[in-house]
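Asker: Just one file: final.csv, with CSV, C-alpha atoms.
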```csv
chain,number,residue,atom,x,y,z
T,1,ASP,CA,-21.0,-16.5,-11.0
T,2,VAL,CA,-19.7,-16.7,-7.5
T,3,LYS,CA,-22.4,-17.9,-5.1
T,4,VAL,CA,-22.2,-17.5,-1.4
T,5,THR,CA,-25.1,-19.0,0.5
T,6,GLN,CA,-26.0,-18.7,4.2
T,7,SER,CA,-28.0,-21.4,6.0
T,8,SER,CA,-30.8,-19.1,7.2
T,9,ARG,CA,-32.3,-15.8,6.2
T,10,TYR,CA,-34.0,-15.3,9.5
T,11,LEU,CA,-33.3,-16.9,12.9
T,12,VAL,CA,-34.8,-16.3,16.3
T,13,LYS,CA,-32.9,-17.7,19.4
T,14,ARG,CA,-33.2,-17.3,23.1
T,15,THR,CA,-30.6,-15.8,25.4
T,16,GLY,CA,-28.0,-18.4,26.4
T,17,GLU,CA,-28.5,-20.7,23.4
T,18,LYS,CA,-25.6,-21.8,21.2
T,19,VAL,CA,-26.1,-20.6,17.7
T,20,PHE,CA,-24.5,-21.8,14.5
T,21,LEU,CA,-24.5,-19.7,11.3
T,22,GLU,CA,-23.3,-21.5,8.2
T,23,CYS,CA,-21.8,-20.1,5.1
T,24,VAL,CA,-20.8,-21.9,1.9
T,25,GLN,CA,-19.1,-20.6,-1.2
T,26,ASP,CA,-18.7,-22.4,-4.5
T,27,MET,CA,-15.7,-20.7,-6.1
T,28,ASP,CA,-12.8,-22.2,-4.3
T,29,HIS,CA,-11.9,-18.9,-2.6
T,30,GLU,CA,-9.2,-19.0,0.0
T,31,ASN,CA,-10.5,-16.2,2.1
T,32,MET,CA,-13.8,-16.1,4.0
T,33,PHE,CA,-15.2,-13.5,6.3
T,34,TRP,CA,-18.0,-12.9,8.8
T,35,TYR,CA,-19.3,-9.4,9.3
T,36,ARG,CA,-22.2,-8.0,11.4
T,37,GLN,CA,-24.2,-5.1,10.0
T,38,ASP,CA,-25.8,-2.6,12.3
T,39,PRO,CA,-27.5,0.7,11.4
T,40,GLY,CA,-25.0,3.6,11.5
T,41,LEU,CA,-22.1,1.3,12.1
T,42,GLY,CA,-21.6,-0.2,8.6
T,43,LEU,CA,-20.0,-3.6,8.3
T,44,ARG,CA,-17.8,-4.7,11.1
T,45,LEU,CA,-15.5,-7.7,10.7
T,46,ILE,CA,-15.9,-10.4,13.3
T,47,TYR,CA,-13.5,-13.1,12.1
T,48,PHE,CA,-11.9,-14.1,8.8
T,49,SER,CA,-10.1,-17.2,7.5
T,50,TYR,CA,-7.4,-17.3,4.8
T,51,ASP,CA,-7.2,-21.1,4.7
T,52,VAL,CA,-8.7,-24.3,6.1
T,53,LYS,CA,-8.4,-24.5,9.8
T,54,MET,CA,-6.9,-21.0,9.9
T,55,LYS,CA,-8.7,-18.0,11.5
T,56,GLU,CA,-7.9,-14.5,12.5
T,57,LYS,CA,-9.8,-12.1,14.8
T,58,GLY,CA,-11.4,-9.1,13.2
T,59,ASP,CA,-12.5,-5.9,15.0
T,60,ILE,CA,-15.3,-7.4,17.2
T,61,PRO,CA,-14.5,-11.1,17.9
T,62,GLU,CA,-15.8,-11.1,21.5
T,63,GLY,CA,-18.6,-13.5,22.1
T,64,TYR,CA,-18.0,-15.3,18.8
T,65,SER,CA,-15.9,-18.2,17.5
T,66,VAL,CA,-15.5,-19.7,14.0
T,67,SER,CA,-14.7,-23.0,12.3
T,68,ARG,CA,-13.4,-23.7,8.9
T,69,GLU,CA,-12.9,-27.5,8.4
T,70,LYS,CA,-13.4,-27.4,4.7
T,71,LYS,CA,-12.4,-24.7,2.2
T,72,GLU,CA,-15.9,-24.0,1.0
T,73,ARG,CA,-17.5,-23.7,4.5
T,74,PHE,CA,-17.1,-21.1,7.2
T,75,SER,CA,-19.2,-21.3,10.3
T,76,LEU,CA,-19.8,-18.6,12.9
T,77,ILE,CA,-20.7,-19.7,16.4
T,78,LEU,CA,-22.3,-17.8,19.2
T,79,GLU,CA,-21.4,-19.9,22.3
T,80,SER,CA,-24.1,-18.2,24.5
T,81,ALA,CA,-26.3,-15.8,22.6
T,82,SER,CA,-27.0,-12.5,24.1
T,83,THR,CA,-29.5,-9.8,23.2
T,84,ASN,CA,-26.7,-7.5,22.0
T,85,GLN,CA,-25.9,-10.0,19.3
T,86,THR,CA,-29.2,-9.3,17.6
T,87,SER,CA,-28.0,-8.2,14.2
T,88,MET,CA,-27.6,-8.9,10.5
T,89,TYR,CA,-24.8,-11.3,9.8
T,90,LEU,CA,-23.1,-11.3,6.5
T,91,CYS,CA,-20.6,-13.9,5.1
T,92,ALA,CA,-18.2,-13.1,2.3
T,93,SER,CA,-15.5,-14.8,0.3
T,94,SER,CA,-12.6,-13.5,-1.8
T,95,LEU,CA,-9.9,-15.0,-4.0
T,96,GLY,CA,-7.1,-12.9,-2.4
T,97,GLY,CA,-6.5,-10.5,0.4
T,98,SER,CA,-8.1,-7.2,1.4
T,99,ARG,CA,-7.4,-5.7,-2.0
T,100,ASN,CA,-9.7,-8.1,-3.9
T,101,GLU,CA,-13.4,-8.2,-4.5
T,102,GLN,CA,-15.4,-9.7,-1.7
T,103,TYR,CA,-18.6,-11.7,-2.6
T,104,PHE,CA,-21.3,-11.5,0.0
T,105,GLY,CA,-24.1,-13.9,0.9
T,106,PRO,CA,-27.6,-12.5,1.4
T,107,GLY,CA,-27.3,-12.3,5.2
T,108,THR,CA,-28.9,-13.8,8.2
T,109,ARG,CA,-31.1,-11.7,10.4
T,110,LEU,CA,-30.6,-13.0,13.9
T,111,THR,CA,-32.9,-12.0,16.7
T,112,VAL,CA,-31.9,-13.0,20.3
T,113,THR,CA,-34.8,-12.7,22.8
Y,114,GLY,CA,-15.2,1.6,10.9
Y,115,GLU,CA,-13.4,4.4,12.7
Y,116,ASN,CA,-10.7,4.6,10.1
Y,117,VAL,CA,-13.1,5.2,7.2
Y,118,GLU,CA,-15.7,8.0,7.5
Y,119,GLN,CA,-18.5,8.2,5.1
Y,120,HIS,CA,-20.9,11.1,4.4
Y,121,PRO,CA,-23.8,11.7,4.1
Y,122,SER,CA,-25.6,8.9,6.0
Y,123,THR,CA,-28.8,9.5,3.9
Y,124,LEU,CA,-29.2,11.1,0.5
Y,125,SER,CA,-32.4,11.9,-1.3
Y,126,VAL,CA,-32.2,12.9,-4.9
Y,127,GLN,CA,-34.7,13.5,-7.7
Y,128,GLU,CA,-34.6,11.1,-10.6
Y,129,GLY,CA,-32.2,12.4,-13.2
Y,130,ASP,CA,-30.1,14.4,-10.8
Y,131,SER,CA,-26.6,13.5,-9.6
Y,132,ALA,CA,-25.6,11.9,-6.3
Y,133,VAL,CA,-22.2,12.2,-4.6
Y,134,ILE,CA,-21.0,10.3,-1.6
Y,135,LYS,CA,-17.7,11.1,0.1
Y,136,CYS,CA,-15.3,9.0,2.2
Y,137,THR,CA,-12.1,9.8,4.1
Y,138,TYR,CA,-9.5,7.4,5.3
Y,139,SER,CA,-6.7,7.6,7.8
Y,140,ASP,CA,-4.0,5.2,6.6
Y,141,SER,CA,-1.8,6.8,4.0
Y,142,ALA,CA,-0.7,3.3,2.9
Y,143,SER,CA,-4.2,2.4,1.7
Y,144,ASN,CA,-4.1,1.8,-2.0
Y,145,TYR,CA,-7.4,0.2,-2.9
Y,146,PHE,CA,-10.8,1.8,-2.6
Y,147,PRO,CA,-13.9,-0.2,-3.5
Y,148,TRP,CA,-17.6,0.8,-3.4
Y,149,TYR,CA,-20.3,-1.7,-2.7
Y,150,LYS,CA,-24.0,-1.4,-3.3
Y,151,GLN,CA,-26.5,-3.2,-1.1
Y,152,GLU,CA,-30.1,-3.6,-2.3
Y,153,LEU,CA,-32.9,-4.4,0.0
Y,154,GLY,CA,-32.7,-8.0,1.2
Y,155,LYS,CA,-29.4,-8.7,-0.5
Y,156,GLY,CA,-25.7,-8.7,0.5
Y,157,PRO,CA,-23.4,-5.9,-0.7
Y,158,GLN,CA,-22.1,-6.1,-4.2
Y,159,LEU,CA,-19.0,-4.5,-5.7
Y,160,ILE,CA,-19.9,-1.8,-8.2
Y,161,ILE,CA,-16.6,0.0,-8.8
Y,162,ASP,CA,-13.2,0.2,-7.3
Y,163,ILE,CA,-10.1,2.3,-7.8
Y,164,ARG,CA,-6.4,1.8,-7.0
Y,165,SER,CA,-4.1,4.5,-5.9
Y,166,ASN,CA,-2.2,4.8,-9.2
Y,167,VAL,CA,-5.2,6.6,-10.9
Y,168,GLY,CA,-7.2,9.6,-9.9
Y,169,GLU,CA,-10.6,8.7,-11.5
Y,170,LYS,CA,-12.4,5.7,-12.9
Y,171,LYS,CA,-15.7,5.6,-14.7
Y,172,ASP,CA,-18.2,2.9,-15.5
Y,173,GLN,CA,-21.2,4.2,-17.4
Y,174,ARG,CA,-23.2,6.4,-14.9
Y,175,ILE,CA,-20.9,5.8,-12.0
Y,176,ALA,CA,-17.5,7.2,-11.3
Y,177,VAL,CA,-15.0,7.2,-8.4
Y,178,THR,CA,-12.5,9.9,-7.8
Y,179,LEU,CA,-9.5,9.7,-5.5
Y,180,ASN,CA,-7.4,12.4,-3.8
Y,181,LYS,CA,-4.5,10.7,-2.1
Y,182,THR,CA,-3.1,13.9,-0.7
Y,183,ALA,CA,-6.3,14.7,1.1
Y,184,LYS,CA,-7.0,11.1,1.8
Y,185,HIS,CA,-10.5,11.1,0.5
Y,186,PHE,CA,-12.4,9.4,-2.3
Y,187,SER,CA,-15.9,9.9,-3.7
Y,188,LEU,CA,-18.6,8.0,-5.6
Y,189,HIS,CA,-20.5,9.9,-8.3
Y,190,ILE,CA,-23.8,8.7,-9.8
Y,191,THR,CA,-25.1,10.7,-12.7
Y,192,GLU,CA,-28.6,10.6,-14.2
Y,193,THR,CA,-29.9,8.8,-11.2
Y,194,GLN,CA,-32.7,6.2,-11.7
Y,195,PRO,CA,-35.0,4.5,-9.2
Y,196,GLU,CA,-32.9,1.3,-9.3
Y,197,ASP,CA,-30.0,3.3,-7.9
Y,198,SER,CA,-31.9,3.4,-4.5
Y,199,ALA,CA,-29.8,1.3,-2.2
Y,200,VAL,CA,-27.3,1.5,0.6
Y,201,TYR,CA,-23.8,2.3,-0.6
Y,202,PHE,CA,-20.6,1.5,1.3
Y,203,CYS,CA,-17.1,2.7,0.7
Y,204,ALA,CA,-14.1,0.8,2.0
Y,205,ALA,CA,-10.3,1.0,2.4
Y,206,PRO,CA,-7.7,-1.5,3.6
Y,207,VAL,CA,-6.3,-0.8,7.0
Y,208,GLU,CA,-4.6,-4.2,7.4
Y,209,LYS,CA,-8.0,-5.6,6.8
Y,210,LEU,CA,-10.7,-4.0,4.7
Y,211,GLN,CA,-12.6,-1.3,6.7
Y,212,PHE,CA,-16.0,-0.3,5.6
Y,213,GLY,CA,-17.7,3.1,6.1
Y,214,ALA,CA,-21.0,3.4,7.9
Y,215,GLY,CA,-23.0,3.4,4.7
Y,216,THR,CA,-25.2,5.9,2.8
Y,217,GLN,CA,-28.9,5.3,2.2
Y,218,VAL,CA,-29.7,6.7,-1.2
Y,219,VAL,CA,-33.3,7.3,-2.2
Y,220,VAL,CA,-34.1,8.3,-5.7
Y,221,THR,CA,-37.5,9.9,-6.0
Y,222,PRO,CA,-39.4,9.9,-9.3
```
Can I see the file as structure tokens?
Answerer:
Amino acid sequence: DVKVTQSSRYLVKRTGEKVFLECVQDMDHENMFWYRQDPGLGLRLIYFSYDVKMKEKGDIPEGYSVSREKKERFSLILESASTNQTSMYLCASSLGGSRNEQYFGPGTRLTVT
Amino acid sequence: GENVEQHPSTLSVQEGDSAVIKCTYSDSASNYFPWYKQELGKGPQLIIDIRSNVGEKKDQRIAVTLNKTAKHFSLHITETQPEDSAVYFCAAPVEKLQFGAGTQVVVTP
């Protein structure tokens, strides 16, 4: 079974802090994704990566950056956390492009105070 | 996402009844339509998908239908059970995969 793990289930940070969310997948997938999930808005794509050191902006990249130094690991970085970044963050991976199954991690509930 | 609309946002059904969730999409070039189920405390998981060369696909109690002319597709769950209670998301590729806003399904005994 594909396993996607995220470093934390719950995280509380203060406004202005730098926040790192880590995601690791164990199935050698090329593609990795970061989404945020908010009630009534579904899943919105922040960034995705289709190869090591490659990244593409999603629909809502403002205030975020990403890093993919190794194929299995994709990090989401909030350079200076703000309260409007309080959300559920989901990482996913897939073997191919947007027409292939995405495997999701359990999510990180981030609260910025 | 704005390119994929999903209705209803909440759906309450009696155990044993059927549930239907509908999605519409805007990009006529879309050709892959997955449905994901998210249980409490978990990430979404693919439950069924359909590609545009077929109009219907079934897997036990769940089915998806696609109307490419009208640009909408639906998830049908028959004989609902308490374990069907979850949030369901449709999606369609618009360059990248766009997800609907989700439907909270509650199956009451």
Asker: Find the residues around Y:Gln211 up to 7 Å (all atoms listed in the file counted), leave out those fewer than 4 positions away in its own chain, and share them as a ChimeraX atom specification.
Answerer: /Y:114,117,204-207
Asker: Taking all atoms listed in the file into account and nothing else, which residues of chain Y lie no more than 12 Å away from chain T? Please answer as a VMD selection string.
Answerer: chain Y and resid 114 to 123 143 to 165 200 to 217
Asker: To one decimal place, how far is atom CA of Y:Gln127 from atom CA of Y:His189 in Å?
Answerer: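 Going from atom CA of Y:Gln127 over to atom CA of Y:His189 covers 14.7 Å.
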Asker: Can you work out which one of T:Met54, T:Leu11, T:Ile60, T:Val19 has the shortest atom-to-atom distance to T:Met88, counting only C-alpha atoms?
Answerer: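 Distance minimum relative to T:Met88 lands on T:Leu11.
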Asker: Report, in Å to a single decimal, how far apart atom CA of Y:Ala199 and atom CA of Y:Gln173 are.
Answerer: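 These atoms are spaced 17.7 Å apart.
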Asker: Quick one: residues within 10 Å of Y:Val220, all atoms listed in the file counted, chain neighbours fewer than 6 positions away excluded, as a VMD selection string?
Answerer: chain Y and resid 124 to 132 193 to 199
Asker: Mind dumping the selected residues with C-alpha atoms as an mmCIF file, keeping the file's coordinate frame?
Answerer:
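Result saved to part08.cif:
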```cif
data_model
loop_
_atom_site.group_PDB
_atom_site.id
_atom_site.type_symbol
_atom_site.label_atom_id
_atom_site.label_comp_id
_atom_site.auth_asym_id
_atom_site.auth_seq_id
_atom_site.Cartn_x
_atom_site.Cartn_y
_atom_site.Cartn_z
ATOM 1 C CA LEU Y 124 -29.200 11.100 0.500
ATOM 2 C CA SER Y 125 -32.400 11.900 -1.300
ATOM 3 C CA VAL Y 126 -32.200 12.900 -4.900
ATOM 4 C CA GLN Y 127 -34.700 13.500 -7.700
ATOM 5 C CA GLU Y 128 -34.600 11.100 -10.600
ATOM 6 C CA GLY Y 129 -32.200 12.400 -13.200
ATOM 7 C CA ASP Y 130 -30.100 14.400 -10.800
ATOM 8 C CA SER Y 131 -26.600 13.500 -9.600
ATOM 9 C CA ALA Y 132 -25.600 11.900 -6.300
ATOM 10 C CA THR Y 193 -29.900 8.800 -11.200
ATOM 11 C CA GLN Y 194 -32.700 6.200 -11.700
ATOM 12 C CA PRO Y 195 -35.000 4.500 -9.200
ATOM 13 C CA GLU Y 196 -32.900 1.300 -9.300
ATOM 14 C CA ASP Y 197 -30.000 3.300 -7.900
ATOM 15 C CA SER Y 198 -31.900 3.400 -4.500
ATOM 16 C CA ALA Y 199 -29.800 1.300 -2.200
#
```
Asker: Under the rule that all atoms listed in the file are counted, which of Y:Phe186, Y:Thr191, Y:Asn166, Y:Lys171 is the nearest residue to Y:Tyr138?
Answerer: Y:Phe186
Asker: Find the residues near Y:Ser141: any atom within 9 Å, counting only C-alpha atoms, skip ones fewer than 5 places away on the same chain, and give them as a PyMOL selection string.
Answerer: chain Y and resi 181-182+184
Asker: Between T:Ser67, T:Ser49, T:Thr15, T:Ser7, which residue has the minimum interatomic distance to T:Asn31, considering all atoms listed in the file?
Answerer: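 Smallest distance to T:Asn31 is found for T:Ser49.
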Asker: Give me, as a list in words, all polymer residues having an atom no more than 6 Å from stretch 24-26 of chain T, counting all atoms listed in the file and skipping those fewer than 6 positions away in the same chain.
Answerer: Lys3, Val4, Thr5, Glu72 and Arg73 of chain T
Asker: Atom CA of T:Tyr47 and atom CA of T:Glu17 are how many Å apart?
Answerer: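 Going from atom CA of T:Tyr47 over to atom CA of T:Glu17 covers 20.3 Å.
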Asker: With all atoms listed in the file as the basis for distance, which of T:Val12, T:Lys18, T:Val112, T:Lys55 is at the shortest distance from T:Thr86?
Answerer: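 Smallest distance to T:Thr86 is found for T:Val112.
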Asker: Would you pick out the contacts of T:Leu76 at 8 Å or less, using all atoms listed in the file, so that residues sharing its chain but fewer than 2 positions from it are not included, and give the list as a ChimeraX atom specification?
Answerer: /T:20-22,34,64-67,74,78
Asker: Some atoms are absent from stretch 117-143 of chain Y, so rebuild N, CA, C and O atoms and return them as an mmCIF file, in the coordinates of the input.
Answerer:
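Saved to selection17.cif:
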```cif
data_model
loop_
_atom_site.group_PDB
_atom_site.id
_atom_site.type_symbol
_atom_site.label_atom_id
_atom_site.label_comp_id
_atom_site.auth_asym_id
_atom_site.auth_seq_id
_atom_site.Cartn_x
_atom_site.Cartn_y
_atom_site.Cartn_z
ATOM 1 N N VAL Y 117 -12.455 4.794 8.449
ATOM 2 C CA VAL Y 117 -13.100 5.200 7.200
ATOM 3 C C VAL Y 117 -14.398 5.918 7.575
ATOM 4 O O VAL Y 117 -15.281 5.324 8.168
ATOM 5 N N GLU Y 118 -14.456 7.193 7.237
ATOM 6 C CA GLU Y 118 -15.700 8.000 7.500
ATOM 7 C C GLU Y 118 -16.397 8.239 6.211
ATOM 8 O O GLU Y 118 -15.783 8.581 5.196
ATOM 9 N N GLN Y 119 -17.710 8.100 6.267
ATOM 10 C CA GLN Y 119 -18.500 8.200 5.100
ATOM 11 C C GLN Y 119 -19.655 9.209 5.314
ATOM 12 O O GLN Y 119 -20.310 9.176 6.363
ATOM 13 N N HIS Y 120 -19.882 10.083 4.332
ATOM 14 C CA HIS Y 120 -20.900 11.100 4.400
ATOM 15 C C HIS Y 120 -21.578 11.308 3.061
ATOM 16 O O HIS Y 120 -20.885 11.223 2.035
ATOM 17 N N PRO Y 121 -22.884 11.605 3.006
ATOM 18 C CA PRO Y 121 -23.800 11.700 4.100
ATOM 19 C C PRO Y 121 -24.313 10.307 4.538
ATOM 20 O O PRO Y 121 -24.050 9.335 3.838
ATOM 21 N N SER Y 122 -25.068 10.212 5.596
ATOM 22 C CA SER Y 122 -25.600 8.900 6.000
ATOM 23 C C SER Y 122 -26.907 8.637 5.193
ATOM 24 O O SER Y 122 -27.252 7.476 4.978
ATOM 25 N N THR Y 123 -27.604 9.678 4.766
ATOM 26 C CA THR Y 123 -28.800 9.500 3.900
ATOM 27 C C THR Y 123 -28.709 10.572 2.810
ATOM 28 O O THR Y 123 -28.210 11.688 3.038
ATOM 29 N N LEU Y 124 -29.227 10.233 1.655
ATOM 30 C CA LEU Y 124 -29.200 11.100 0.500
ATOM 31 C C LEU Y 124 -30.445 10.910 -0.314
ATOM 32 O O LEU Y 124 -30.676 9.806 -0.798
ATOM 33 N N SER Y 125 -31.225 11.965 -0.468
ATOM 34 C CA SER Y 125 -32.400 11.900 -1.300
ATOM 35 C C SER Y 125 -32.237 12.747 -2.517
ATOM 36 O O SER Y 125 -31.876 13.923 -2.401
ATOM 37 N N VAL Y 126 -32.419 12.147 -3.683
ATOM 38 C CA VAL Y 126 -32.200 12.900 -4.900
ATOM 39 C C VAL Y 126 -33.412 12.662 -5.860
ATOM 40 O O VAL Y 126 -34.057 11.607 -5.817
ATOM 41 N N GLN Y 127 -33.646 13.664 -6.692
ATOM 42 C CA GLN Y 127 -34.700 13.500 -7.700
ATOM 43 C C GLN Y 127 -34.119 12.698 -8.865
ATOM 44 O O GLN Y 127 -32.939 12.829 -9.221
ATOM 45 N N GLU Y 128 -34.983 11.880 -9.426
ATOM 46 C CA GLU Y 128 -34.600 11.100 -10.600
ATOM 47 C C GLU Y 128 -33.989 11.982 -11.649
ATOM 48 O O GLU Y 128 -34.551 13.040 -11.982
ATOM 49 N N GLY Y 129 -32.850 11.575 -12.174
ATOM 50 C CA GLY Y 129 -32.200 12.400 -13.200
ATOM 51 C C GLY Y 129 -31.069 13.256 -12.660
ATOM 52 O O GLY Y 129 -30.169 13.655 -13.408
ATOM 53 N N ASP Y 130 -31.126 13.565 -11.354
ATOM 54 C CA ASP Y 130 -30.100 14.400 -10.800
ATOM 55 C C ASP Y 130 -28.856 13.506 -10.434
ATOM 56 O O ASP Y 130 -28.890 12.280 -10.557
ATOM 57 N N SER Y 131 -27.782 14.173 -9.981
ATOM 58 C CA SER Y 131 -26.600 13.500 -9.600
ATOM 59 C C SER Y 131 -26.507 13.247 -8.098
ATOM 60 O O SER Y 131 -27.089 14.012 -7.330
ATOM 61 N N ALA Y 132 -25.790 12.216 -7.695
ATOM 62 C CA ALA Y 132 -25.600 11.900 -6.300
ATOM 63 C C ALA Y 132 -24.081 11.777 -6.034
ATOM 64 O O ALA Y 132 -23.369 11.193 -6.860
ATOM 65 N N VAL Y 133 -23.618 12.319 -4.920
ATOM 66 C CA VAL Y 133 -22.200 12.200 -4.600
ATOM 67 C C VAL Y 133 -22.077 11.762 -3.116
ATOM 68 O O VAL Y 133 -22.723 12.314 -2.228
ATOM 69 N N ILE Y 134 -21.262 10.763 -2.900
ATOM 70 C CA ILE Y 134 -21.000 10.300 -1.600
ATOM 71 C C ILE Y 134 -19.478 10.348 -1.338
ATOM 72 O O ILE Y 134 -18.704 9.984 -2.221
ATOM 73 N N LYS Y 135 -19.098 10.849 -0.154
ATOM 74 C CA LYS Y 135 -17.700 11.100 0.100
ATOM 75 C C LYS Y 135 -17.191 10.207 1.272
ATOM 76 O O LYS Y 135 -17.906 9.999 2.255
ATOM 77 N N CYS Y 136 -15.955 9.754 1.146
ATOM 78 C CA CYS Y 136 -15.300 9.000 2.200
ATOM 79 C C CYS Y 136 -13.919 9.508 2.466
ATOM 80 O O CYS Y 136 -13.234 9.914 1.534
ATOM 81 N N THR Y 137 -13.526 9.495 3.725
ATOM 82 C CA THR Y 137 -12.100 9.800 4.100
ATOM 83 C C THR Y 137 -11.542 8.635 4.813
ATOM 84 O O THR Y 137 -12.254 7.862 5.465
ATOM 85 N N TYR Y 138 -10.243 8.483 4.678
ATOM 86 C CA TYR Y 138 -9.500 7.400 5.300
ATOM 87 C C TYR Y 138 -8.319 7.908 6.031
ATOM 88 O O TYR Y 138 -7.850 9.020 5.759
ATOM 89 N N SER Y 139 -7.794 7.116 6.947
ATOM 90 C CA SER Y 139 -6.700 7.600 7.800
ATOM 91 C C SER Y 139 -5.342 7.046 7.443
ATOM 92 O O SER Y 139 -4.316 7.687 7.697
ATOM 93 N N ASP Y 140 -5.320 5.852 6.859
ATOM 94 C CA ASP Y 140 -4.000 5.200 6.600
ATOM 95 C C ASP Y 140 -3.483 5.587 5.253
ATOM 96 O O ASP Y 140 -4.029 5.212 4.217
ATOM 97 N N SER Y 141 -2.413 6.326 5.249
ATOM 98 C CA SER Y 141 -1.800 6.800 4.000
ATOM 99 C C SER Y 141 -1.300 5.668 3.123
ATOM 100 O O SER Y 141 -1.036 5.851 1.941
ATOM 101 N N ALA Y 142 -1.136 4.490 3.706
ATOM 102 C CA ALA Y 142 -0.700 3.300 2.900
ATOM 103 C C ALA Y 142 -1.780 2.647 2.168
ATOM 104 O O ALA Y 142 -1.513 1.789 1.319
ATOM 105 N N SER Y 143 -3.028 3.019 2.422
ATOM 106 C CA SER Y 143 -4.200 2.400 1.700
ATOM 107 C C SER Y 143 -4.007 2.668 0.211
ATOM 108 O O SER Y 143 -3.693 3.785 -0.212
#
```
